[in-house]
Amino acid sequence: MCGITGIYSHKPVASELYESVVHLQHRGTDAAGIMTYDERMHKHKGLGLARDVFTQDNISLLKGNIGISHNRYPTHGEFGHGEVQPVWTSVPYGIAIAHNGQITNYEELVEEVTKKGKTYLNTTSDTEVLLHVLAKELNKEGTPETSEEFFKVLCDAVSTIFTKVKGAYSVTGIVIGKGLFAFRDPRGIRPLVKGERDNNGKTDYIFASENTMFYSMGYEPTGNVLPGELIYVDNDGKLFSKRLVKEEFNPCIFEYVYFARPDAVLNDVGVYRSRLRMGQNLAYAWMKKYPHIKPDIVIPAPSTANTSALAFAHEIGVRYSEGLYKNPFVGRTFIMPGQEERKSSVKHKLVPQETEILGKEVMIVDDSIVRGNTSREIVRMLRDFGVKKVYFVSACPPVKHPCYYGVDMPTSEELIAGNKSVDDIKKILGVDILLYQEIDDLVEAVTRKGDHHIDTPCMACLDGHYVVNGRKVHDLVMD
Ligand code: SF4
């Protein structure tokens, strides 16, 4: 999972792109980068958190009113400085892109770019391949003079991408002397929202993975970049848009379960509200299945599950308790590389509050159980602190299948539900009762309200139904 932004403004854009990277930090903590342009490209990128990468000095060198930024969470390719986005090429024009998602026909495209296109690749990043496919298409046609002509060329190039490039990709990009563009794959798997701001009678535009920075930067949300849509803002601030293809709209359901910040509104659905509904639906399922079992307290596995746990506790009429204290200065375990780091980090980051749990029947609400390590550690810690019984509910159904669209769930073997029954998982976690959300209840929680146009959310990691650009991923060679 990554975070991307693109801004067209009537004032220098670097400090706002930095603010945007900070507001999307939860989507990737491995690296960050910003590229802007005036007469030429200006870039600064590096490994680590935004605050480690950027300083007042290096931000002041990023000149220009148009730019893009990226928060890196590694999904494809090796990870080193070369993979840090945005990536850029000087032919034609000078193009840079930031990409959120994952390309599923990477090998095929590498072949095309390197052998047929005679282009050397510097990295194993799928974003670099995407950049070269785009650059090659933009290089094909003559020399567009007007913005209208350039938009037409861009439409042709992105249409070719929609045909050739399979997988999930939301993209923001800049072309020197031409402006800013944004597009989203035909299924709209990864989010991309848009906003506008009045700037002394002129309009500024923003495109970003989430609208989390809009309020602080004074942008009004204006909806989403639609699946299969291309939007272009020329150097003078004139906006062009076209939906180049229309397929089924399948945005990632895991954004609502885990990734997105609760204050985000994605695909016209509020993440916070959807999490409340997840907790509600889960509570109804609990009361149906275990009408006579009522825990003493409900504790969220902090902090993504807080919202669902609040609704769950309310519905079953039990006190909500922050019985696990989370150290806010330790990163999210899910996005830390390497199992060992994950295992050892739980105790550093979570501390049970003895007064809340000693001798009690405790209900833990978690957003999801992916590898199961964190859940198992939490249960072990609660037992160490003298709980009487541990009930465990997950707002997300069993995660059984890998994600090929940009989320780090590489193999079924690494997923606790990959090839184990709920009863086996209950034993591994060491809980007295384990209850998962049903898929239909999760979908209902996400799609119940909001003036949205979601057809069916992508939930391939839950139901194994991989649909990308009209093809099932099982038909592709993936592993
Ligand atoms: Fe999201 Fe799962 Fe689909 Fe990946 S497979 S895009 S995590 S819903």
# chains A, B, ... in the order shown; residues from 1 in each chain; ligands from 1
$ closest_atom_pairs --of "chain A" --to "ligand 1" --cutoff "10 Å" --atoms "only C-alpha atoms and all ligand atoms" --output "tab-separated table"
residue	atom	partner	partner_atom_place_in_ligand_line	distance
A:Met1	CA	ligand 1	7 (S)	8.9
A:Gly101	CA	ligand 1	6 (S)	8.4
A:Gln102	CA	ligand 1	6 (S)	9.3
A:Gly167	CA	ligand 1	6 (S)	9.4
A:Ala168	CA	ligand 1	6 (S)	7.7
A:Gly188	CA	ligand 1	6 (S)	9.8
A:Ile189	CA	ligand 1	6 (S)	6.0
A:Arg190	CA	ligand 1	6 (S)	7.1
A:Asn250	CA	ligand 1	3 (Fe)	8.3
A:Pro251	CA	ligand 1	6 (S)	7.1
A:Cys252	CA	ligand 1	1 (Fe)	3.9
A:Ile253	CA	ligand 1	8 (S)	4.6
A:Phe254	CA	ligand 1	1 (Fe)	4.6
A:Glu255	CA	ligand 1	1 (Fe)	6.6
A:Tyr256	CA	ligand 1	1 (Fe)	9.2
A:Val257	CA	ligand 1	8 (S)	9.3
A:Tyr258	CA	ligand 1	7 (S)	9.3
A:Phe259	CA	ligand 1	7 (S)	9.2
A:Val399	CA	ligand 1	2 (Fe)	8.1
A:Lys400	CA	ligand 1	2 (Fe)	9.6
A:His401	CA	ligand 1	5 (S)	7.5
A:Pro402	CA	ligand 1	5 (S)	6.6
A:Cys403	CA	ligand 1	5 (S)	4.1
A:Tyr404	CA	ligand 1	4 (Fe)	6.0
A:Tyr405	CA	ligand 1	6 (S)	4.8
A:Gly406	CA	ligand 1	4 (Fe)	6.3
A:Val407	CA	ligand 1	7 (S)	5.3
A:Asp408	CA	ligand 1	7 (S)	8.0
A:Met409	CA	ligand 1	7 (S)	7.8
A:Pro457	CA	ligand 1	8 (S)	7.1
A:Cys458	CA	ligand 1	3 (Fe)	4.4
A:Met459	CA	ligand 1	8 (S)	3.7
A:Ala460	CA	ligand 1	5 (S)	4.1
A:Cys461	CA	ligand 1	5 (S)	4.1
A:Leu462	CA	ligand 1	2 (Fe)	6.6
A:Asp463	CA	ligand 1	5 (S)	8.8
A:Gly464	CA	ligand 1	5 (S)	7.9
A:His465	CA	ligand 1	5 (S)	8.5
A:Tyr466	CA	ligand 1	5 (S)	7.3
A:Val467	CA	ligand 1	3 (Fe)	9.0
A:Val468	CA	ligand 1	3 (Fe)	9.9
$ write_last_selection --atoms "C-alpha atoms" --output "CSV table (one decimal), in the first residue's frame"
chain,number,residue,atom,x,y,z
A,1,MET,CA,0.0,0.0,0.0
A,101,GLY,CA,-1.0,-0.4,-6.5
A,102,GLN,CA,0.7,-3.4,-8.2
A,167,GLY,CA,-3.5,-5.0,-12.0
A,168,ALA,CA,-4.1,-2.1,-9.7
A,188,GLY,CA,-10.6,1.4,-9.5
A,189,ILE,CA,-9.0,-1.0,-7.1
A,190,ARG,CA,-6.8,1.6,-5.3
A,250,ASN,CA,-14.2,-3.0,-7.6
A,251,PRO,CA,-12.4,-0.9,-5.0
A,252,CYS,CA,-10.4,-2.7,-2.3
A,253,ILE,CA,-12.4,-3.6,0.7
A,254,PHE,CA,-9.3,-3.8,2.9
A,255,GLU,CA,-8.9,0.0,2.7
A,256,TYR,CA,-12.0,0.2,4.9
A,257,VAL,CA,-11.0,-2.7,7.1
A,258,TYR,CA,-7.5,-1.6,7.9
A,259,PHE,CA,-5.5,0.8,5.6
A,399,VAL,CA,-8.0,-13.6,5.0
A,400,LYS,CA,-7.2,-16.7,3.0
A,401,HIS,CA,-5.6,-15.6,-0.2
A,402,PRO,CA,-2.7,-13.4,-1.2
A,403,CYS,CA,-3.2,-9.9,-2.6
A,404,TYR,CA,-1.8,-9.1,-6.0
A,405,TYR,CA,-3.0,-5.6,-6.0
A,406,GLY,CA,-0.6,-3.8,-3.8
A,407,VAL,CA,-1.0,-5.2,-0.2
A,408,ASP,CA,1.6,-7.2,1.5
A,409,MET,CA,0.0,-10.6,1.9
A,457,PRO,CA,-15.7,-4.3,-3.7
A,458,CYS,CA,-12.5,-6.3,-4.5
A,459,MET,CA,-12.3,-9.0,-1.8
A,460,ALA,CA,-10.0,-11.4,-3.5
A,461,CYS,CA,-8.0,-11.9,-0.4
A,462,LEU,CA,-11.2,-13.1,1.3
A,463,ASP,CA,-13.1,-15.0,-1.4
A,464,GLY,CA,-10.3,-15.8,-3.9
A,465,HIS,CA,-12.2,-14.1,-6.7
A,466,TYR,CA,-9.5,-12.2,-8.5
A,467,VAL,CA,-10.9,-10.1,-11.2
A,468,VAL,CA,-8.7,-7.6,-12.9
$ residues_around --residues "A:Val153" --least-positions-apart "3" --cutoff "10 Å" --atoms "only C-alpha atoms" --output "list in words"
Glu137, Leu138, Asn139, Lys140, Glu141, Gly142, Thr143, Pro144, Ser147, Glu148, Glu149, Phe150, Asp156, Ala157, Val158 and Ser159 of chain A
$ select_by_dssp --residues "stretch 169-365 of chain A" --states "strand (DSSP E or B)" --output "number ranges by chain"
A: 169-175, 179-184, 193-199, 202-208, 220-224, 229-234, 239-243, 252, 265-266, 269-270, 297-300, 319-320, 324-326, 350-352, 361-365
$ select_by_dssp --residues "stretch 176-403 of chain A" --states "alpha helix (DSSP H)" --output "PyMOL selection string"
chain A and resi 214-217+254+271-289+306-316+339-349+354-357+373-384
$ closest_residue --among "A:Gly450, A:Gly33, A:Gly80, A:Gly64" --to "A:Gly270" --atoms "only C-alpha atoms"
A:Gly450
$ atom_distance --atom1 "atom CA of A:Asp38" --atom2 "atom CA of A:Thr146"
18.5 Å
$ residues_around --residues "A:His81" --least-positions-apart "5" --cutoff "12 Å" --atoms "only C-alpha atoms" --output "ChimeraX atom specification"
/A:30-33,44-48,53,72,74,86-87,122-125
$ write_last_selection --atoms "N, CA and C atoms" --output "PDB file, in the first residue's frame"
ATOM      1  N   ASP A  30       8.185   3.386   4.704  1.00  0.00           N
ATOM      2  CA  ASP A  30       9.537   2.981   4.299  1.00  0.00           C
ATOM      3  C   ASP A  30      10.314   4.083   3.599  1.00  0.00           C
ATOM      4  N   ALA A  31       9.613   4.919   2.859  1.00  0.00           N
ATOM      5  CA  ALA A  31      10.299   5.960   2.100  1.00  0.00           C
ATOM      6  C   ALA A  31       9.297   7.010   1.659  1.00  0.00           C
ATOM      7  N   ALA A  32       9.825   8.156   1.251  1.00  0.00           N
ATOM      8  CA  ALA A  32       8.941   9.224   0.774  1.00  0.00           C
ATOM      9  C   ALA A  32       9.685  10.049  -0.266  1.00  0.00           C
ATOM     10  N   GLY A  33       8.922  10.647  -1.166  1.00  0.00           N
ATOM     11  CA  GLY A  33       9.554  11.474  -2.189  1.00  0.00           C
ATOM     12  C   GLY A  33       8.616  12.536  -2.722  1.00  0.00           C
ATOM     13  N   HIS A  44      13.289  15.379  -4.354  1.00  0.00           N
ATOM     14  CA  HIS A  44      13.986  14.935  -3.149  1.00  0.00           C
ATOM     15  C   HIS A  44      13.265  13.713  -2.627  1.00  0.00           C
ATOM     16  N   LYS A  45      14.013  12.653  -2.375  1.00  0.00           N
ATOM     17  CA  LYS A  45      13.394  11.448  -1.844  1.00  0.00           C
ATOM     18  C   LYS A  45      14.391  10.702  -1.000  1.00  0.00           C
ATOM     19  N   GLY A  46      13.876   9.829  -0.134  1.00  0.00           N
ATOM     20  CA  GLY A  46      14.779   9.089   0.737  1.00  0.00           C
ATOM     21  C   GLY A  46      14.039   8.047   1.550  1.00  0.00           C
ATOM     22  N   LEU A  47      14.805   7.247   2.277  1.00  0.00           N
ATOM     23  CA  LEU A  47      14.236   6.167   3.078  1.00  0.00           C
ATOM     24  C   LEU A  47      13.792   6.697   4.440  1.00  0.00           C
ATOM     25  N   GLY A  48      12.659   6.164   4.907  1.00  0.00           N
ATOM     26  CA  GLY A  48      12.214   6.522   6.258  1.00  0.00           C
ATOM     27  C   GLY A  48      10.947   7.360   6.260  1.00  0.00           C
ATOM     28  N   VAL A  53      13.087  12.347   6.066  1.00  0.00           N
ATOM     29  CA  VAL A  53      13.522  12.561   4.678  1.00  0.00           C
ATOM     30  C   VAL A  53      13.618  14.057   4.350  1.00  0.00           C
ATOM     31  N   ARG A  72       6.035   5.419   0.461  1.00  0.00           N
ATOM     32  CA  ARG A  72       6.366   4.078  -0.016  1.00  0.00           C
ATOM     33  C   ARG A  72       6.069   2.990   1.007  1.00  0.00           C
ATOM     34  N   PRO A  74       6.557  -1.117   0.489  1.00  0.00           N
ATOM     35  CA  PRO A  74       7.042  -1.970  -0.576  1.00  0.00           C
ATOM     36  C   PRO A  74       6.072  -3.084  -0.939  1.00  0.00           C
ATOM     37  N   PRO A  86       8.678   9.505  -6.337  1.00  0.00           N
ATOM     38  CA  PRO A  86       8.331   9.355  -7.744  1.00  0.00           C
ATOM     39  C   PRO A  86       9.537   8.923  -8.594  1.00  0.00           C
ATOM     40  N   VAL A  87       9.199   8.259  -9.735  1.00  0.00           N
ATOM     41  CA  VAL A  87      10.243   7.903 -10.698  1.00  0.00           C
ATOM     42  C   VAL A  87      10.076   8.797 -11.920  1.00  0.00           C
ATOM     43  N   ASN A 122      16.385   0.594 -14.455  1.00  0.00           N
ATOM     44  CA  ASN A 122      17.300   0.791 -13.326  1.00  0.00           C
ATOM     45  C   ASN A 122      16.916  -0.026 -12.100  1.00  0.00           C
ATOM     46  N   THR A 123      15.648  -0.428 -12.033  1.00  0.00           N
ATOM     47  CA  THR A 123      15.144  -1.056 -10.813  1.00  0.00           C
ATOM     48  C   THR A 123      14.269  -2.259 -11.163  1.00  0.00           C
ATOM     49  N   THR A 124      13.789  -2.961 -10.135  1.00  0.00           N
ATOM     50  CA  THR A 124      12.811  -4.029 -10.349  1.00  0.00           C
ATOM     51  C   THR A 124      11.400  -3.530 -10.005  1.00  0.00           C
ATOM     52  N   SER A 125      11.236  -2.242  -9.961  1.00  0.00           N
ATOM     53  CA  SER A 125       9.954  -1.663  -9.576  1.00  0.00           C
ATOM     54  C   SER A 125       8.960  -1.686 -10.739  1.00  0.00           C
TER      55      SER A 125
END
$ residues_around --residues "A:Pro352" --least-positions-apart "4" --cutoff "9 Å" --atoms "only C-alpha atoms" --output "PyMOL selection string"
chain A and resi 322-326+356-357+378+381-382+385
$ closest_residue --among "A:Glu414, A:Glu210, A:Glu196, A:Asp366" --to "A:Val233" --atoms "only C-alpha atoms"
A:Glu196
$ atom_distance --atom1 "atom CA of A:His348" --atom2 "atom CA of A:Asn71"
24.8 Å
$ residues_around --residues "A:Leu62" --least-positions-apart "5" --cutoff "7 Å" --atoms "only C-alpha atoms" --output "number ranges by chain"
A: 14, 36, 42-43
$ write_last_selection --atoms "N, CA, C and O atoms" --output "CSV table (one decimal), in the first residue's frame"
chain,number,residue,atom,x,y,z
A,14,ALA,N,5.7,22.8,-2.8
A,14,ALA,CA,6.5,21.8,-2.1
A,14,ALA,C,6.0,21.6,-0.7
A,14,ALA,O,5.9,20.4,-0.2
A,36,THR,N,8.7,18.2,-8.1
A,36,THR,CA,8.0,19.4,-8.6
A,36,THR,C,8.7,19.8,-9.9
A,36,THR,O,9.8,19.3,-10.3
A,42,HIS,N,12.6,19.1,-10.1
A,42,HIS,CA,13.2,19.2,-8.8
A,42,HIS,C,12.7,18.0,-8.0
A,42,HIS,O,11.5,17.7,-7.9
A,43,LYS,N,13.7,17.3,-7.4
A,43,LYS,CA,13.2,16.1,-6.6
A,43,LYS,C,14.0,16.0,-5.3
A,43,LYS,O,15.2,16.4,-5.2
$ residues_around --residues "A:Ser308" --least-positions-apart "5" --cutoff "6 Å" --atoms "only C-alpha atoms" --output "list in words"
Arg275, Leu276, Met278 and Gly279 of chain A
$ atom_distance --atom1 "atom CA of A:Leu130" --atom2 "atom CA of A:Thr29"
22.5 Å
$ residues_around --residues "A:Gly237" --least-positions-apart "3" --cutoff "8 Å" --atoms "only C-alpha atoms" --output "list of chain:residue names"
A:Tyr8, A:Thr203, A:Asp204, A:Val233, A:Asp234
$ write_last_selection --atoms "C-alpha atoms" --output "CSV table (one decimal), in the first residue's frame"
chain,number,residue,atom,x,y,z
A,8,TYR,CA,-1.7,22.0,-9.2
A,203,THR,CA,-8.7,27.2,-8.8
A,204,ASP,CA,-6.1,24.8,-7.3
A,233,VAL,CA,-4.6,20.0,-15.6
A,234,ASP,CA,-2.6,22.1,-18.0
$ closest_residue --among "A:Leu121, A:Cys155, A:Leu192, A:Leu131" --to "A:Cys2" --atoms "only C-alpha atoms"
A:Leu192
$ closest_residue --among "A:Met213, A:Ile68, A:Val13, A:Leu226" --to "A:Thr172" --atoms "only C-alpha atoms"
A:Ile68
$ closest_residue --among "A:Tyr215, A:Phe392, A:Tyr37, A:Phe162" --to "A:Val175" --atoms "only C-alpha atoms"
A:Tyr37
